[in-house]
$ cat entry.txt   # compact mmCIF, C-alpha atoms
# COMPACT_ATOMS: atom_id res chain seq x y z
CA MET A 1 -87.06 75.23 83.60
CA THR A 2 -87.85 73.14 80.51
CA ALA A 3 -87.36 74.24 76.91
CA ARG A 4 -91.17 74.40 76.54
CA ASP A 5 -91.36 76.75 79.50
CA LEU A 6 -88.61 78.90 77.96
CA THR A 7 -90.55 79.15 74.71
CA ARG A 8 -93.60 80.42 76.61
CA GLU A 9 -91.40 82.94 78.44
CA VAL A 10 -90.06 84.19 75.11
CA GLN A 11 -93.59 84.82 73.85
CA GLU A 12 -94.37 86.78 77.00
CA ALA A 13 -91.11 88.72 76.69
CA ALA A 14 -91.99 89.69 73.13
CA ALA A 15 -94.99 91.54 74.52
CA ALA A 16 -93.27 92.96 77.60
CA GLY A 17 -89.99 93.70 75.84
CA ILE A 18 -87.93 93.38 79.04
CA ARG A 19 -87.11 89.95 80.47
CA LEU A 20 -85.65 86.99 78.58
CA HIS A 21 -84.55 83.58 79.81
CA GLY A 22 -81.92 81.03 78.97
CA PHE A 23 -79.04 79.09 80.47
CA ARG A 24 -75.40 79.78 81.22
CA VAL A 25 -72.58 77.25 81.46
CA PRO A 26 -69.24 78.31 83.00
CA PRO A 27 -65.96 77.46 81.30
CA SER A 28 -64.62 74.03 82.10
CA GLY A 29 -61.59 73.56 79.89
CA ARG A 30 -58.36 75.43 79.28
CA PRO A 31 -58.56 79.17 80.04
CA ALA A 32 -59.88 81.25 77.17
CA ALA A 33 -57.24 83.24 75.34
CA LEU A 34 -59.15 86.53 75.22
CA ARG A 35 -61.00 87.01 78.48
CA ASP A 36 -62.17 90.56 77.70
CA CYS A 37 -63.82 89.50 74.43
CA THR A 38 -67.37 88.27 73.86
CA LEU A 39 -68.73 86.56 70.77
CA VAL A 40 -72.46 87.11 70.13
CA VAL A 41 -74.13 84.81 67.61
CA PRO A 42 -77.74 85.57 66.60
CA THR A 43 -79.30 82.42 65.17
CA TYR A 44 -82.61 81.35 63.65
CA GLN A 45 -83.61 77.75 62.94
CA ARG A 46 -80.05 76.56 62.32
CA PRO A 47 -79.13 74.17 65.14
CA ALA A 48 -76.57 72.21 63.10
CA GLU A 49 -74.75 75.35 61.96
CA MET A 50 -74.80 76.74 65.50
CA VAL A 51 -73.24 73.61 66.97
CA SER A 52 -70.68 73.56 64.16
CA LEU A 53 -69.64 77.14 64.95
CA LEU A 54 -69.26 76.30 68.65
CA GLY A 55 -67.12 73.33 67.70
CA SER A 56 -64.89 75.51 65.54
CA LEU A 57 -64.17 77.73 68.55
CA MET A 58 -62.75 74.69 70.34
CA ALA A 59 -60.23 74.15 67.55
CA ILE A 60 -58.61 77.59 67.51
CA PRO A 61 -55.95 78.91 69.92
CA ASP A 62 -57.62 82.29 70.52
CA PRO A 63 -61.25 81.75 71.57
CA PRO A 64 -63.07 84.60 73.32
CA GLY A 65 -63.79 84.38 77.02
CA GLU A 66 -67.54 84.46 76.54
CA VAL A 67 -69.95 83.24 73.86
CA VAL A 68 -73.59 84.35 73.80
CA VAL A 69 -76.03 82.51 71.53
CA VAL A 70 -79.24 84.48 70.91
CA ASP A 71 -81.89 82.22 69.42
CA GLY A 72 -84.94 83.71 67.71
CA SER A 73 -86.31 80.40 66.45
CA GLY A 74 -89.18 80.23 68.90
CA GLY A 75 -88.86 76.44 69.22
CA ASN A 76 -86.72 74.01 71.16
CA GLU A 77 -84.43 72.47 68.55
CA THR A 78 -81.54 74.93 68.79
CA HIS A 79 -81.90 75.21 72.57
CA ASP A 80 -81.65 71.44 72.97
CA ALA A 81 -78.77 71.11 70.50
CA VAL A 82 -76.66 73.80 72.18
CA LEU A 83 -77.45 72.48 75.66
CA MET A 84 -76.44 68.96 74.65
CA TRP A 85 -73.23 70.28 73.09
CA SER A 86 -72.37 72.26 76.23
CA ARG A 87 -72.73 69.18 78.41
CA ALA A 88 -70.45 67.11 76.21
CA ALA A 89 -67.83 69.74 75.44
CA CYS A 90 -65.10 70.99 77.73
CA ALA A 91 -65.31 74.57 76.54
CA PRO A 92 -62.72 77.19 77.53
CA PHE A 93 -65.34 79.95 77.40
CA ALA A 94 -68.49 80.79 79.33
CA LEU A 95 -71.48 79.88 77.18
CA SER A 96 -74.79 81.73 77.50
CA PHE A 97 -77.94 80.86 75.57
CA VAL A 98 -80.83 83.34 75.34
CA MET A 99 -84.25 82.66 73.86
CA SER A 100 -85.26 85.91 72.16
CA PRO A 101 -88.04 87.32 70.03
CA PRO A 102 -86.89 86.99 66.39
CA GLY A 103 -85.19 89.64 64.30
CA LEU A 104 -81.47 90.07 63.63
CA THR A 105 -81.12 93.61 64.97
CA ARG A 106 -83.20 92.78 68.05
CA GLN A 107 -81.13 89.65 68.70
CA ARG A 108 -77.90 91.62 68.39
CA ASN A 109 -79.18 94.15 70.93
CA VAL A 110 -80.15 91.27 73.23
CA GLY A 111 -76.62 89.93 72.91
CA ILE A 112 -75.16 93.28 73.91
CA ASP A 113 -77.25 93.33 77.09
CA ALA A 114 -76.57 89.67 77.89
CA SER A 115 -72.78 89.94 77.53
CA ALA A 116 -69.96 91.27 79.69
CA GLY A 117 -66.89 91.62 77.44
CA ASP A 118 -65.15 94.91 76.71
CA PHE A 119 -65.02 93.95 73.03
CA ILE A 120 -68.10 92.45 71.40
CA PHE A 121 -67.72 90.30 68.29
CA PHE A 122 -70.61 89.29 66.04
CA LEU A 123 -70.56 86.32 63.68
CA ASP A 124 -73.32 84.81 61.59
CA ASP A 125 -74.23 81.29 62.64
CA ASP A 126 -72.95 79.89 59.31
CA CYS A 127 -69.47 81.39 59.77
CA VAL A 128 -66.29 79.56 60.79
CA PRO A 129 -63.43 81.67 62.21
CA GLU A 130 -59.93 80.58 61.30
CA PRO A 131 -57.08 80.44 63.87
CA GLY A 132 -56.00 83.96 64.81
CA TYR A 133 -59.30 85.61 63.87
CA PHE A 134 -60.12 86.97 67.32
CA GLN A 135 -56.52 87.73 68.30
CA SER A 136 -55.85 89.70 65.10
CA ILE A 137 -58.84 91.96 65.72
CA ARG A 138 -58.11 92.28 69.44
CA SER A 139 -54.56 93.40 68.53
CA VAL A 140 -55.97 96.23 66.40
CA TYR A 141 -57.76 97.60 69.46
CA ALA A 142 -54.66 97.10 71.62
CA GLU A 143 -52.55 99.15 69.20
CA ASP A 144 -55.09 102.00 69.18
CA GLY A 145 -53.55 104.21 71.86
CA SER A 146 -56.00 107.06 71.25
CA ARG A 147 -59.00 104.72 71.58
CA GLY A 148 -60.51 106.24 68.46
CA VAL A 149 -61.23 102.91 66.76
CA GLY A 150 -64.79 101.91 67.59
CA ALA A 151 -65.24 98.92 65.31
CA VAL A 152 -63.12 96.39 63.41
CA CYS A 153 -64.37 93.85 60.90
CA GLY A 154 -62.75 90.64 59.73
CA SER A 155 -62.06 89.33 56.24
CA ILE A 156 -64.54 86.85 54.79
CA ILE A 157 -61.73 85.06 53.05
CA ASN A 158 -63.79 82.70 50.87
CA ALA A 159 -65.61 85.69 49.34
CA MET A 160 -62.49 87.69 48.43
CA GLY A 161 -60.72 87.67 45.08
CA LYS A 162 -63.70 86.12 43.30
CA PRO A 163 -64.78 86.87 39.71
CA LEU A 164 -67.76 89.17 39.37
CA THR A 165 -71.15 87.69 38.60
CA LEU A 166 -72.76 88.53 35.27
CA ARG A 167 -75.27 90.76 37.05
CA TRP A 168 -72.48 92.86 38.57
CA ARG A 169 -70.51 92.99 35.31
CA ILE A 170 -73.58 94.43 33.58
CA ARG A 171 -74.06 96.90 36.43
CA PHE A 172 -70.57 98.27 35.86
CA LEU A 173 -70.97 98.21 32.09
CA LEU A 174 -74.14 100.30 32.35
CA LYS A 175 -72.42 102.60 34.88
CA LEU A 176 -75.22 102.04 37.40
CA VAL A 177 -72.67 101.84 40.20
CA PRO A 178 -69.20 103.41 40.44
CA HIS A 179 -66.00 101.42 40.20
CA GLY A 180 -64.70 101.77 43.72
CA GLU A 181 -63.29 100.04 46.79
CA TYR A 182 -65.06 97.51 48.96
CA GLY A 183 -66.03 99.02 52.30
CA LYS A 184 -66.76 102.46 50.86
CA TYR A 185 -70.31 103.83 50.63
CA TYR A 186 -71.17 105.85 47.55
CA PRO A 187 -73.96 108.44 47.09
CA THR A 188 -75.68 106.12 44.64
CA ALA A 189 -76.55 104.01 47.74
CA THR A 190 -74.13 101.29 46.72
CA SER A 191 -70.94 99.58 47.76
CA VAL A 192 -69.00 97.14 45.61
CA PRO A 193 -68.62 93.36 46.11
CA VAL A 194 -65.89 92.10 48.40
CA GLY A 195 -64.83 89.80 45.57
CA LEU A 196 -63.09 92.78 43.94
CA THR A 197 -60.55 92.82 46.79
CA LYS A 198 -57.75 90.29 47.10
CA PRO A 199 -56.64 89.04 50.54
CA PHE A 200 -54.29 91.51 52.25
CA SER A 201 -52.41 92.05 55.49
CA GLY A 202 -52.80 94.97 57.86
CA VAL A 203 -55.80 97.28 58.27
CA ARG A 204 -57.79 99.58 55.99
CA ALA A 205 -60.25 102.33 56.85
CA VAL A 206 -63.83 101.62 55.75
CA ASP A 207 -67.25 103.29 55.78
CA ILE A 208 -69.27 100.10 56.20
CA MET A 209 -68.68 96.66 57.69
CA PRO A 210 -70.32 93.26 57.19
CA GLY A 211 -72.54 92.67 60.20
CA GLY A 212 -71.81 88.95 60.14
CA ALA A 213 -68.08 89.43 60.81
CA ALA A 214 -67.76 92.58 62.90
CA SER A 215 -66.60 93.69 66.35
CA TYR A 216 -67.14 96.78 68.51
CA ARG A 217 -65.84 98.45 71.63
CA ARG A 218 -68.51 98.26 74.30
CA GLU A 219 -68.36 102.05 74.63
CA VAL A 220 -69.91 102.31 71.16
CA PHE A 221 -73.18 100.96 72.55
CA GLU A 222 -73.39 103.68 75.18
CA ARG A 223 -74.66 105.97 72.41
CA HIS A 224 -75.73 103.58 69.66
CA ARG A 225 -77.80 100.43 69.29
CA PHE A 226 -78.72 98.45 66.19
CA SER A 227 -81.68 100.31 64.73
CA GLN A 228 -85.20 99.14 65.53
CA PHE A 229 -86.19 100.33 62.05
CA PHE A 230 -84.75 97.02 60.80
CA TYR A 231 -86.56 94.74 63.27
CA GLY A 232 -87.54 91.66 61.33
CA TYR A 233 -85.27 90.26 58.60
CA SER A 234 -82.62 92.97 58.50
CA GLN A 235 -81.62 93.94 54.99
CA GLY A 236 -78.90 96.61 55.26
CA GLU A 237 -78.87 96.99 59.05
CA ASP A 238 -75.10 96.50 59.17
CA MET A 239 -74.56 99.26 56.61
CA GLU A 240 -76.77 101.69 58.54
CA MET A 241 -75.08 100.92 61.86
CA SER A 242 -71.64 101.42 60.32
CA LEU A 243 -72.53 104.78 58.81
CA ARG A 244 -74.09 105.96 62.08
CA ILE A 245 -71.21 105.04 64.40
CA GLY A 246 -68.72 106.18 61.77
CA LYS A 247 -69.65 109.76 62.68
CA ASP A 248 -68.12 109.21 66.14
CA TRP A 249 -65.54 106.44 65.67
CA LYS A 250 -63.00 105.07 63.21
CA LEU A 251 -63.97 101.85 61.43
CA LEU A 252 -61.21 99.48 60.29
CA TRP A 253 -61.03 96.31 58.22
CA CYS A 254 -58.46 93.77 59.46
CA GLY A 255 -56.96 91.77 56.62
CA ASP A 256 -55.31 89.24 58.94
CA ALA A 257 -58.57 88.15 60.64
CA HIS A 258 -59.86 85.37 58.39
CA VAL A 259 -63.32 83.87 58.60
CA LEU A 260 -65.24 81.56 56.28
CA HIS A 261 -68.87 82.32 55.51
CA ASN A 262 -70.65 79.18 54.32
CA HIS A 263 -73.98 80.62 53.21
CA VAL A 264 -77.00 78.57 54.23
CA ALA A 265 -80.35 79.10 52.50
CA GLY A 266 -82.55 78.44 55.54
CA GLY A 267 -83.91 81.17 57.80
CA ARG A 268 -84.43 83.73 55.03
CA PRO A 269 -87.66 85.56 54.15
CA ALA A 270 -90.07 84.96 51.29
CA HIS A 271 -89.02 86.39 47.93
CA PHE A 272 -91.69 89.11 47.92
CA GLN A 273 -90.76 90.39 51.37
CA LYS A 274 -87.06 90.29 50.53
CA GLY A 275 -87.56 92.35 47.36
CA LEU A 276 -89.66 94.91 49.23
CA MET A 277 -87.09 95.28 52.01
CA GLU A 278 -84.15 95.52 49.63
CA VAL A 279 -85.67 98.64 48.07
CA ARG A 280 -87.25 100.17 51.19
CA ASN A 281 -84.22 99.73 53.43
CA ARG A 282 -81.77 100.81 50.77
CA PHE A 283 -83.82 103.96 50.16
CA PHE A 284 -84.02 104.67 53.91
CA ILE A 285 -80.23 104.43 54.35
CA TRP A 286 -79.60 106.47 51.22
CA LYS A 287 -81.83 109.33 52.35
CA ARG A 288 -80.36 109.31 55.85
CA TYR A 289 -76.68 109.34 54.84
CA SER A 290 -76.47 110.73 51.28
CA SER A 291 -77.81 114.24 51.64
CA ASP A 292 -75.15 115.35 49.14
CA ALA A 293 -76.41 113.01 46.40
CA GLY A 294 -76.70 114.89 43.10
CA THR A 295 -79.07 114.48 40.19
CA ALA A 296 -76.83 111.89 38.53
CA ASP A 297 -76.71 109.87 41.75
CA ARG A 298 -80.50 109.90 42.03
CA ILE A 299 -80.87 108.78 38.42
CA ARG A 300 -78.41 105.93 38.96
CA PHE A 301 -80.19 104.89 42.16
CA TRP A 302 -83.57 104.47 40.47
CA ALA A 303 -82.02 103.02 37.32
CA ASP A 304 -80.39 100.34 39.46
CA ILE A 305 -83.74 99.51 41.07
CA ALA A 306 -85.21 99.17 37.57
CA TYR A 307 -82.29 96.94 36.63
CA VAL A 308 -83.01 94.60 39.57
CA PHE A 309 -86.63 94.40 38.43
CA ALA A 310 -85.54 93.64 34.86
CA CYS A 311 -83.21 90.88 36.08
CA ASP A 312 -86.09 89.29 37.97
CA LEU A 313 -88.30 89.36 34.89
CA GLY A 314 -85.48 87.86 32.82
CA GLY A 315 -85.04 85.13 35.39
CA PHE A 316 -88.74 84.32 35.30
CA LEU A 317 -88.83 84.20 31.49
CA THR A 318 -85.91 81.79 31.39
CA HIS A 319 -87.17 79.75 34.37
CA PRO A 320 -91.00 80.06 34.22
CA LEU A 321 -91.50 77.35 36.81
CA SER A 322 -89.54 79.33 39.40
CA VAL A 323 -92.08 81.81 40.78
CA GLY A 324 -89.48 83.24 43.16
CA PHE A 325 -88.24 85.62 40.46
CA LEU A 326 -91.73 87.00 39.84
CA SER A 327 -92.48 87.27 43.54
CA HIS A 328 -89.23 89.15 44.17
CA ALA A 329 -90.00 91.50 41.26
CA ALA A 330 -93.42 92.27 42.76
CA GLY A 331 -91.73 93.08 46.07
CA VAL A 332 -89.31 95.43 44.31
CA VAL A 333 -92.20 97.26 42.64
CA LYS A 334 -94.13 97.63 45.89
CA GLY A 335 -91.00 98.82 47.69
CA ALA A 336 -90.37 101.48 45.02
CA VAL A 337 -93.98 102.69 45.13
CA LEU A 338 -93.88 102.97 48.93
CA CYS A 339 -90.60 104.89 48.81
CA ILE A 340 -92.06 107.40 46.36
CA PHE A 341 -95.48 107.94 47.95
CA SER A 342 -94.81 107.05 51.60
CA PRO A 343 -91.05 107.40 52.25
CA PRO A 344 -89.81 105.49 55.31
CA HIS A 345 -88.73 107.62 58.26
CA TYR A 346 -87.47 106.73 61.71
CA GLU A 347 -85.95 108.66 64.62
CA GLU A 348 -83.43 106.70 66.65
CA PRO A 349 -84.26 106.69 70.38
CA ALA A 350 -81.56 107.29 72.96
CA ALA A 351 -79.43 104.19 73.47
CA ARG A 352 -80.33 102.26 76.62
CA ARG A 353 -80.23 98.80 78.10
CA GLU A 354 -83.39 97.10 76.83
CA TYR A 355 -83.26 93.50 78.02
CA GLU A 356 -82.79 91.71 81.31
CA CYS A 357 -81.57 88.16 80.76
CA VAL A 358 -82.24 85.58 83.46
CA PHE A 359 -80.10 82.43 83.31
CA ASP A 360 -80.26 79.06 84.96
CA GLY A 361 -77.31 76.71 85.29
CA GLY A 362 -77.76 74.81 82.04
$ encode --input "entry.txt" --output "structure tokens"
Amino acid sequence: MTARDLTREVQEAAAAGIRLHGFRVPPSGRPAALRDCTLVVPTYQRPAEMVSLLGSLMAIPDPPGEVVVVDGSGGNETHDAVLMWSRAACAPFALSFVMSPPGLTRQRNVGIDASAGDFIFFLDDDCVPEPGYFQSIRSVYAEDGSRGVGAVCGSIINAMGKPLTLRWRIRFLLKLVPHGEYGKYYPTATSVPVGLTKPFSGVRAVDIMPGGAASYRREVFERHRFSQFFYGYSQGEDMEMSLRIGKDWKLLWCGDAHVLHNHVAGGRPAHFQKGLMEVRNRFFIWKRYSSDAGTADRIRFWADIAYVFACDLGGFLTHPLSVGFLSHAAGVVKGAVLCIFSPPHYEEPAARREYECVFDGG
């Protein structure tokens, strides 16, 4: 099957919502260190970053036994790049590539159905795990005799211990958000930047985890899937998933599992759509998980939305040729209006296997 044929199959699968295609290459190098672990990488129009991540797995002593790349690009570039890499590399892990309809939460759910490991790791395609990343997290699960830990996240080491941006310093000065700990969710619908935390060793309990550097027991997905409410570009989907599974499982942050996140601008939505989703999705999560929010929390929530709008206007006034600020501000306004007059609501369906992935030999 050619890449062009696979693209057509993806379009048909988007309508049917059942069968997806791709290729699978068995391991051919040294045995993988962690055979019961799977890494799922959702990707979108980033072939170079995807190949770079695969290469980084070759350089560490603790690669997972399986890697599943879920591509929502809709074209052939990433497919061809990963296939070429797989033919040249002598990888210690089984490599699966799935062509999927786009959308981060959808692609993560595809990866769950396409994988076999007992422990499922997720990394963004612009991340680079350091040596010991997978082993450190796997050890947390191994030491959990009661099997109460459902999810463990890693430490995005190049984001920790950083000075606050001016925008965040003003937020704290105006008391729009509480001074608190990273990984905690507050009834003002906020968490604090990871930059406030210095690198540490050991584990810490958290309420929320970064979706781009997280792992889960497979049993978690017997009752939970990433929410279809966030299908599309998923602003806040990792926060919602964490809060939902946190009702049933313990969530831990592993300070010894280091990963670099080298943010890439490509593959992100238009400014207007991003502003709209930031408000709409934040409001949805807040209403679902902050039923105890008081009057002061509600005032701070809406004041913070107004602050984001004011920052956008300030950015436009100081950079009038950059229409992105104005477009984002318009999205924020529309999102706020929709939340007030047509609040978002969604009932999670029962968790189930959604996708059948059909592989050829690569």
$ residues_near_point --input "entry.txt" --point "(-77.1, 97.5, 51.6)" --cutoff "10 Å" --atoms "only C-alpha atoms" --output "PyMOL selection string"
chain A and resi 185+189-191+208+210+234-240+278-279+281-283+285-286
$ residues_around --input "entry.txt" --residues "stretch 71-77 of chain A" --least-positions-apart "3" --cutoff "6 Å" --atoms "all atoms listed in the file" --output "ChimeraX atom specification"
/A:3,43-45,80,99-102
$ write_last_selection --input "entry.txt" --atoms "C-alpha atoms" --output "mmCIF file, in the frame of the given file"
data_model
loop_
_atom_site.group_PDB
_atom_site.id
_atom_site.type_symbol
_atom_site.label_atom_id
_atom_site.label_comp_id
_atom_site.auth_asym_id
_atom_site.auth_seq_id
_atom_site.Cartn_x
_atom_site.Cartn_y
_atom_site.Cartn_z
ATOM 1 C CA ALA A 3 -87.360 74.240 76.910
ATOM 2 C CA THR A 43 -79.300 82.420 65.170
ATOM 3 C CA TYR A 44 -82.610 81.350 63.650
ATOM 4 C CA GLN A 45 -83.610 77.750 62.940
ATOM 5 C CA ASP A 80 -81.650 71.440 72.970
ATOM 6 C CA MET A 99 -84.250 82.660 73.860
ATOM 7 C CA SER A 100 -85.260 85.910 72.160
ATOM 8 C CA PRO A 101 -88.040 87.320 70.030
ATOM 9 C CA PRO A 102 -86.890 86.990 66.390
#
$ residues_near_point --input "entry.txt" --point "(-75.0, 79.1, 55.3)" --cutoff "12 Å" --atoms "all atoms listed in the file" --output "ChimeraX atom specification"
/A:43-50,52-53,123-128,212,260-268
$ residues_around --input "entry.txt" --residues "A:Glu222" --least-positions-apart "4" --cutoff "10 Å" --atoms "all atoms listed in the file" --output "NGL selection string"
:A and (217-218 or 350-353)
$ atom_distance --input "entry.txt" --atom1 "atom CA of A:Pro61" --atom2 "atom CA of A:Ala32"
8.6 Å
$ residues_around --input "entry.txt" --residues "A:Cys90" --least-positions-apart "6" --cutoff "12 Å" --atoms "all atoms listed in the file" --output "list in words"
Val25, Pro26, Pro27, Ser28, Gly29, Arg30, Pro31, Ala32, Leu54, Gly55, Leu57, Met58, Ala59 and Met84 of chain A
$ atom_distance --input "entry.txt" --atom1 "atom CA of A:Leu196" --atom2 "atom CA of A:Ala159"
9.3 Å
$ atom_distance --input "entry.txt" --atom1 "atom CA of A:Thr105" --atom2 "atom CA of A:Gln273"
17.0 Å
$ closest_residue --input "entry.txt" --among "A:Arg35, A:His319, A:Arg19, A:Lys184" --to "A:Pro64" --atoms "only C-alpha atoms"
A:Arg35
$ axis_aligned_box --input "entry.txt" --around "stretch 129-139 of chain A" --padding-each-side "3 Å" --output "JSON"
{"center_x": -59.0, "center_y": 86.9, "center_z": 65.4, "size_x": 14.9, "size_y": 19.0, "size_z": 14.1}
$ residues_around --input "entry.txt" --residues "stretch 129-145 of chain A" --least-positions-apart "2" --cutoff "9 Å" --atoms "only C-alpha atoms" --output "count of residues only"
38
$ residues_around --input "entry.txt" --residues "A:Glu181" --least-positions-apart "5" --cutoff "12 Å" --atoms "only C-alpha atoms" --output "ChimeraX atom specification"
/A:186,190-198,204-208
$ closest_residue --input "entry.txt" --among "A:Ile156, A:Leu321, A:Ile305, A:Val358" --to "A:Val333" --atoms "only C-alpha atoms"
A:Ile305
